[in-house]
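S.K.: Handing you a structure now.
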Amino acid sequence: MSDQQHPIVESAPGKLYLAGEYAILTPGNPALLMAVNRGVTAQLTLHSGRSGHLTSSLYPGKSVTWERGDDGQLHASGDVTDFSFAWKAIEVADRYARQLGCAPQMFSVALSSTLDASDGRKFGLGSSAAVVVACVKAILRVYGLEADSLTVYKIAACAHWLVQGNGSLGDVAASSVGGFLVYQSVDRAWLSDRLTKLPLTRVVAAQWPCLRLRSVRVNPNIRVMVGWTGKPASTEKLVARQQSHSGASFDEHAFTHESAVAVGHAVRALEDGDFAGVAAAVEKNRDLLHRLAQAKSLPIEIPVMTKAIQASQRLGAVAKSSGAGGGDCLIAFYRAASGVDCSSQLRTAWKNIGIIPIDLTVSTANHVADVQVQTASTESTHITPCHMNARQKRKEEHLRLAQQLYSSSRHTDFDAVHLVRPTLPEMRVEDVTLATDFFGTRVALPIMINAMTGGTAHSTQINIRLARAAAACHIPIAFGSASIVAQDPDALDGFLAARRAAGKTPVVINVNPSTPSSTLMLLIERCHPSAIQIHVNAVQEIVMPEGDRDFRWIDDIRRLKQCAEKYGCPVIVKEVGFGFDRASIHRLCALGVQYIDCAGAGGTNFAAIENVRNHQEDWSWLTGCGLSTVQSLLNARLESSSSKLTVIASGGIRNPLDMLKSFALGASFIGVSGVILHQLLSADTLDEGQRSVEKLIQTWGKQLARLCAVYSVAEPSRRTHIPVWLSGDVKEYWDAARADFPLTAD
């Protein structure tokens, strides 16, 4: 191969954080960034031979040499410390290309940078991220791979994370996308785990939990000025210090929530040219950083910055530290109407204080106009605003923790339920009828994908895939709580998108008891559900840091039931994993409720999930609280003898045998959620997860039919007559329940 005469040249800009610093470290939380018109350039020369080398203008006289081994991988020789980010970016991008089937190439790379001061001191503009992005772009180009900004970001983020192992990767996003952008941070624990288990191409192709990128069109009436303290700071060390310092009195949840709100306000104000709104949002962000600094002893806003900020305010501008603080850069926002005078006065005031103005503007060299990316999406769908409110953030945390705490080998009370199998069943599998009616619609199986999530962009994509799986298998689906629509009307779009994906399959809409009647009517009119599911969750709420403390629900259930009935929509009352006692079932029946979803203990444990989220109090001793699904079914069996009650069994249903046991105990339908969510999220992409869910449901259907034939059950959704015997604690509970719990006081 002859040497290439014209080298490949690729550049990547540096960045500045405008709002959302530190809170961005929480997965799913947003920050506002600006890519700047200084950056890193990678010049790649393709040549023959088995070795290549890496040089940089920042380290004259130093270089890294590599060779390609027989395994095709690049192997560096010598000390790569000064070139760690560049070398890892080259190695990772090269590996990505080879995993796609590209023939190995040999090349050398020379780096140059305009991100540092003339004396080599760092401005704090994200040089490591720009280095990584520039190298990745150059390597992809030499292999002839056309990559959009999201793919570049993912590959560069993998390389950066493998070197540094902390941070939000927001600087990588800014260097990849350019312009002004809102970045919603990826779940780095997920990324770290996948990088150790999967080929790089599969990691890049996968959905990245919580990740969002969205460009921001800043109104030209708002300008940004940047100043440098002359004191370089280590973001890596400050971030590590923040994460290691407990700050026991600091409310992390309130900090991240308020930061997300401030970022959202800043974005809207910048887009609208509302300087007063920008000023208020910047001041709020600065105040939050002060609170964090005091709680965790962080030198975020050093004294020279404080003086410059105060001087900026006197001149009609608003200013704050940028990024991790401790030095580095200061940013100021001002009105363009008085831009010349204010800009000049700001420069003079800053210089007098000791702040060095830097001629920085937003970089548009590689900016993708109007980029709006949600990595879970392979289709066009409405994307909600990038910032998340507290409830949306909580939903994302619930998803992540439900997956982390999932266990397929959990012991449940179903193990104490024993079915007497007839040795001579006298039945064929083809005689079994699994199809049944679900609120007026014939479905293929007496199984429902139960309520799990809703109200965020990520959960919308999950619900869309689950709805498609339900439609493919001809079974009903319940979406997670839609009560969020009362506070965030835009969230309705996500539920509508999932409803459309369900097609003609029955859909159940889930709400909490305090949902306004107007919101319920809106949901019914727009989503056309087959039923409304009202969830009750007192145990979860008391552990939840921001949970309700008022559990007077009877009147609310009556109100929502009456509202739903005006539309001919039946109501199901559902627990969330702590079961139903007989007295509560009796009270619901007295209200005219004919359907309950017992959702007992044994499946997803929301007390355990909320305890992980609760940084102020330890509730681990409560995680065993609640009645099991089996105990709840027994309570319903006692009550249904004197009322018209239809019971859905859910909570820890692990397999078709648990389903058949539920039918034997009086259930008419089965709800499954935890195992379905685990199946979906364990795949590399949501589309693959959807296919996995469909296969699981279809397998369950076949197995349930065969199991019914073995037990001589022709139609399991109708009351079965399988002899049942109970053992252990379940038998003791049943004996006590039938005797009306004689140990209780009158």
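So you can find residues: chains in the structure tokens are A, B, ... in the order shown, residues in each start at 1, and ligands are numbered from 1 in order.
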Env of region 491-503 of chain A: 8 Å cut, atoms = only C-alpha atoms, seq-sep filter 4 positions within chain, self excluded. Answer as a VMD selection string.
M.R.: chain A and resid 381 to 384 454 to 457 460 to 461 463 to 465 467 to 468 470 to 471 479 482 484 to 485 507 523 526 to 527
S.K.: For Gly277 (chain A), please output as a count of residues only all residues within 12 Å (counting only C-alpha atoms; exclusion window: fewer than 5 positions along the same chain).
M.R.: 19
S.K.: Neighbours of Ala444 (chain A) within 7 Å (only C-alpha atoms; same-chain residues fewer than 5 positions away dropped), as a count of residues only?
M.R.: 5
S.K.: Pick out each residue of region 405-560 of chain A that DSSP on the backbone tags as strand (DSSP E); I need them as a PyMOL selection string.
M.R.: chain A and resi 417-419+436-438+441-443+447-449+477-478+507-511+531-536
S.K.: Any chance you could export the current selection's N, CA and C atoms as a PDB file, in the first residue's frame?
M.R.:
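Result file is out04.pdb:
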```pdb
ATOM      1  N   VAL A 417     -47.996 -23.897  47.893  1.00  0.00           N
ATOM      2  CA  VAL A 417     -49.281 -24.289  47.305  1.00  0.00           C
ATOM      3  C   VAL A 417     -49.048 -25.523  46.443  1.00  0.00           C
ATOM      4  N   HIS A 418     -49.800 -26.572  46.705  1.00  0.00           N
ATOM      5  CA  HIS A 418     -49.575 -27.841  46.010  1.00  0.00           C
ATOM      6  C   HIS A 418     -50.866 -28.284  45.326  1.00  0.00           C
ATOM      7  N   LEU A 419     -50.778 -28.571  44.045  1.00  0.00           N
ATOM      8  CA  LEU A 419     -51.931 -29.029  43.281  1.00  0.00           C
ATOM      9  C   LEU A 419     -51.925 -30.550  43.219  1.00  0.00           C
ATOM     10  N   THR A 436     -59.950 -16.092  26.220  1.00  0.00           N
ATOM     11  CA  THR A 436     -60.974 -15.670  27.176  1.00  0.00           C
ATOM     12  C   THR A 436     -61.381 -14.232  26.889  1.00  0.00           C
ATOM     13  N   ASP A 437     -62.397 -13.752  27.579  1.00  0.00           N
ATOM     14  CA  ASP A 437     -62.859 -12.372  27.394  1.00  0.00           C
ATOM     15  C   ASP A 437     -62.177 -11.453  28.402  1.00  0.00           C
ATOM     16  N   PHE A 438     -61.774 -10.296  27.923  1.00  0.00           N
ATOM     17  CA  PHE A 438     -61.199  -9.275  28.794  1.00  0.00           C
ATOM     18  C   PHE A 438     -61.976  -7.993  28.576  1.00  0.00           C
ATOM     19  N   THR A 441     -63.489  -7.907  25.087  1.00  0.00           N
ATOM     20  CA  THR A 441     -62.631  -8.241  23.950  1.00  0.00           C
ATOM     21  C   THR A 441     -62.059  -9.639  24.144  1.00  0.00           C
ATOM     22  N   ARG A 442     -62.109 -10.439  23.087  1.00  0.00           N
ATOM     23  CA  ARG A 442     -61.553 -11.781  23.147  1.00  0.00           C
ATOM     24  C   ARG A 442     -60.037 -11.704  23.021  1.00  0.00           C
ATOM     25  N   VAL A 443     -59.334 -12.278  23.988  1.00  0.00           N
ATOM     26  CA  VAL A 443     -57.870 -12.287  23.962  1.00  0.00           C
ATOM     27  C   VAL A 443     -57.377 -13.729  23.924  1.00  0.00           C
ATOM     28  N   ILE A 447     -53.657 -13.738  30.325  1.00  0.00           N
ATOM     29  CA  ILE A 447     -52.437 -13.121  30.854  1.00  0.00           C
ATOM     30  C   ILE A 447     -52.406 -11.665  30.412  1.00  0.00           C
ATOM     31  N   MET A 448     -52.049 -10.763  31.330  1.00  0.00           N
ATOM     32  CA  MET A 448     -51.932  -9.341  31.022  1.00  0.00           C
ATOM     33  C   MET A 448     -50.529  -8.864  31.370  1.00  0.00           C
ATOM     34  N   ILE A 449     -49.925  -8.056  30.473  1.00  0.00           N
ATOM     35  CA  ILE A 449     -48.695  -7.348  30.832  1.00  0.00           C
ATOM     36  C   ILE A 449     -49.112  -6.226  31.759  1.00  0.00           C
ATOM     37  N   ILE A 477     -52.664  -5.132  27.925  1.00  0.00           N
ATOM     38  CA  ILE A 477     -51.523  -4.479  28.568  1.00  0.00           C
ATOM     39  C   ILE A 477     -52.027  -3.305  29.398  1.00  0.00           C
ATOM     40  N   ALA A 478     -51.429  -3.145  30.574  1.00  0.00           N
ATOM     41  CA  ALA A 478     -51.683  -1.974  31.422  1.00  0.00           C
ATOM     42  C   ALA A 478     -50.420  -1.125  31.436  1.00  0.00           C
ATOM     43  N   VAL A 507     -56.258  -2.118  26.337  1.00  0.00           N
ATOM     44  CA  VAL A 507     -55.310  -1.326  27.118  1.00  0.00           C
ATOM     45  C   VAL A 507     -55.967  -0.911  28.427  1.00  0.00           C
ATOM     46  N   VAL A 508     -55.205  -0.966  29.500  1.00  0.00           N
ATOM     47  CA  VAL A 508     -55.657  -0.511  30.817  1.00  0.00           C
ATOM     48  C   VAL A 508     -54.819   0.700  31.210  1.00  0.00           C
ATOM     49  N   ILE A 509     -55.474   1.760  31.655  1.00  0.00           N
ATOM     50  CA  ILE A 509     -54.785   2.965  32.102  1.00  0.00           C
ATOM     51  C   ILE A 509     -54.756   2.985  33.623  1.00  0.00           C
ATOM     52  N   ASN A 510     -53.563   3.211  34.176  1.00  0.00           N
ATOM     53  CA  ASN A 510     -53.342   3.158  35.615  1.00  0.00           C
ATOM     54  C   ASN A 510     -53.227   4.579  36.177  1.00  0.00           C
ATOM     55  N   VAL A 511     -53.893   4.835  37.309  1.00  0.00           N
ATOM     56  CA  VAL A 511     -53.813   6.145  37.972  1.00  0.00           C
ATOM     57  C   VAL A 511     -53.753   5.944  39.480  1.00  0.00           C
ATOM     58  N   ALA A 531     -60.286  -0.586  30.588  1.00  0.00           N
ATOM     59  CA  ALA A 531     -60.539  -0.487  32.029  1.00  0.00           C
ATOM     60  C   ALA A 531     -59.589   0.542  32.622  1.00  0.00           C
ATOM     61  N   ILE A 532     -59.953   1.036  33.807  1.00  0.00           N
ATOM     62  CA  ILE A 532     -59.100   1.927  34.582  1.00  0.00           C
ATOM     63  C   ILE A 532     -58.578   1.150  35.781  1.00  0.00           C
ATOM     64  N   GLN A 533     -57.299   1.286  36.041  1.00  0.00           N
ATOM     65  CA  GLN A 533     -56.659   0.595  37.157  1.00  0.00           C
ATOM     66  C   GLN A 533     -56.223   1.658  38.173  1.00  0.00           C
ATOM     67  N   ILE A 534     -56.799   1.601  39.386  1.00  0.00           N
ATOM     68  CA  ILE A 534     -56.432   2.549  40.444  1.00  0.00           C
ATOM     69  C   ILE A 534     -55.466   1.848  41.394  1.00  0.00           C
ATOM     70  N   HIS A 535     -54.245   2.352  41.477  1.00  0.00           N
ATOM     71  CA  HIS A 535     -53.281   1.668  42.345  1.00  0.00           C
ATOM     72  C   HIS A 535     -53.279   2.275  43.751  1.00  0.00           C
ATOM     73  N   VAL A 536     -53.134   1.412  44.742  1.00  0.00           N
ATOM     74  CA  VAL A 536     -53.016   1.818  46.147  1.00  0.00           C
ATOM     75  C   VAL A 536     -51.681   1.277  46.656  1.00  0.00           C
TER      76      VAL A 536
END
```
S.K.: Write out as number ranges by chain all residues of region 583-735 of chain A that backbone DSSP assigns to alpha helix (DSSP H).
M.R.: A: 583-590, 606-613, 629-640, 656-664, 674-681, 686-710, 728-735
S.K.: I'd like the interatomic distance between CA of His257 (chain A) and CA of Gln164 (chain A), to a tenth of an Å.
M.R.: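 Spanning CA of His257 (chain A) to CA of Gln164 (chain A) is a straight-line distance of 26.4 Å.
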S.K.: Show which residues sit within 6 Å of region 615-632 of chain A, as a list of chain:residue names. Count only C-alpha atoms, and ignore same-chain residues fewer than 2 positions away.
M.R.: A:Phe578, A:Gly579, A:Phe580, A:Cys598, A:Gly600, A:Ala601, A:Ala607, A:Ala608, A:Asn611, A:Leu634, A:Asn635, A:Gly651
S.K.: Would you kindly return, as JSON, numbers by chain, each protein, DNA or RNA residue with an atom no farther than 9 Å from any atom of Glu694 (chain A), considering only C-alpha atoms and excluding same-chain residues fewer than 5 positions away?
M.R.: {"A": [466, 468, 469, 470, 472, 473, 689, 699]}
S.K.: Can you work out which one of A:Arg38, A:Arg421, A:Arg194, A:Arg286 has the shortest atom-to-atom distance to Ile309 (chain A), counting only C-alpha atoms?
M.R.: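 Of A:Arg38, A:Arg421, A:Arg194, A:Arg286, the one nearest Ile309 (chain A) is A:Arg286, counting only C-alpha atoms.
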S.K.: Counting only C-alpha atoms, what is within 12 Å of His411 (chain A), bar same-chain residues fewer than 6 positions away, as a PyMOL selection string?
M.R.: chain A and resi 601-603+628+652-654+658
S.K.: For the selection you just gave me, I'd like the residues written to a file as a PDB file, in the first residue's frame, keeping N, CA and C atoms.
M.R.:
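Saved result, part.pdb, follows:
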```
ATOM      1  N   ALA A 601     -46.971  -9.524  47.715  1.00  0.00           N
ATOM      2  CA  ALA A 601     -45.527  -9.605  47.870  1.00  0.00           C
ATOM      3  C   ALA A 601     -45.007 -10.879  47.210  1.00  0.00           C
ATOM      4  N   GLY A 602     -43.814 -10.783  46.696  1.00  0.00           N
ATOM      5  CA  GLY A 602     -43.196 -11.930  46.023  1.00  0.00           C
ATOM      6  C   GLY A 602     -42.553 -11.538  44.714  1.00  0.00           C
ATOM      7  N   GLY A 603     -42.952 -10.373  44.176  1.00  0.00           N
ATOM      8  CA  GLY A 603     -42.363  -9.887  42.933  1.00  0.00           C
ATOM      9  C   GLY A 603     -41.533  -8.642  43.189  1.00  0.00           C
ATOM     10  N   SER A 628     -48.596 -11.832  50.834  1.00  0.00           N
ATOM     11  CA  SER A 628     -48.165 -12.404  49.560  1.00  0.00           C
ATOM     12  C   SER A 628     -49.337 -12.508  48.592  1.00  0.00           C
ATOM     13  N   GLY A 652     -45.039 -11.593  41.682  1.00  0.00           N
ATOM     14  CA  GLY A 652     -44.172 -12.764  41.834  1.00  0.00           C
ATOM     15  C   GLY A 652     -44.589 -13.967  41.019  1.00  0.00           C
ATOM     16  N   ILE A 653     -45.393 -13.779  39.981  1.00  0.00           N
ATOM     17  CA  ILE A 653     -45.745 -14.890  39.093  1.00  0.00           C
ATOM     18  C   ILE A 653     -44.508 -15.229  38.273  1.00  0.00           C
ATOM     19  N   ARG A 654     -43.975 -16.431  38.465  1.00  0.00           N
ATOM     20  CA  ARG A 654     -42.694 -16.772  37.858  1.00  0.00           C
ATOM     21  C   ARG A 654     -42.805 -17.648  36.620  1.00  0.00           C
ATOM     22  N   ASP A 658     -47.105 -21.346  38.523  1.00  0.00           N
ATOM     23  CA  ASP A 658     -47.650 -20.326  39.428  1.00  0.00           C
ATOM     24  C   ASP A 658     -48.983 -19.813  38.905  1.00  0.00           C
TER      25      ASP A 658
END
```
S.K.: So the first atom is CA of Ala293 (chain A) and the second is CA of Ser128 (chain A); what is the distance between them in Å, to one decimal place?
M.R.: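 Computing the Euclidean distance for CA of Ala293 (chain A) and CA of Ser128 (chain A) yields 24.9 Å.
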S.K.: Residues near Leu726 (chain A), anyone? I mean within 10 Å using only C-alpha atoms, not counting same-chain ones fewer than 4 positions away, as a count of residues only.
M.R.: 12
S.K.: What separation in Å, quoted to one decimal, exists between CA of Gln703 (chain A) and CA of Pro656 (chain A)?
M.R.: 6.6 Å
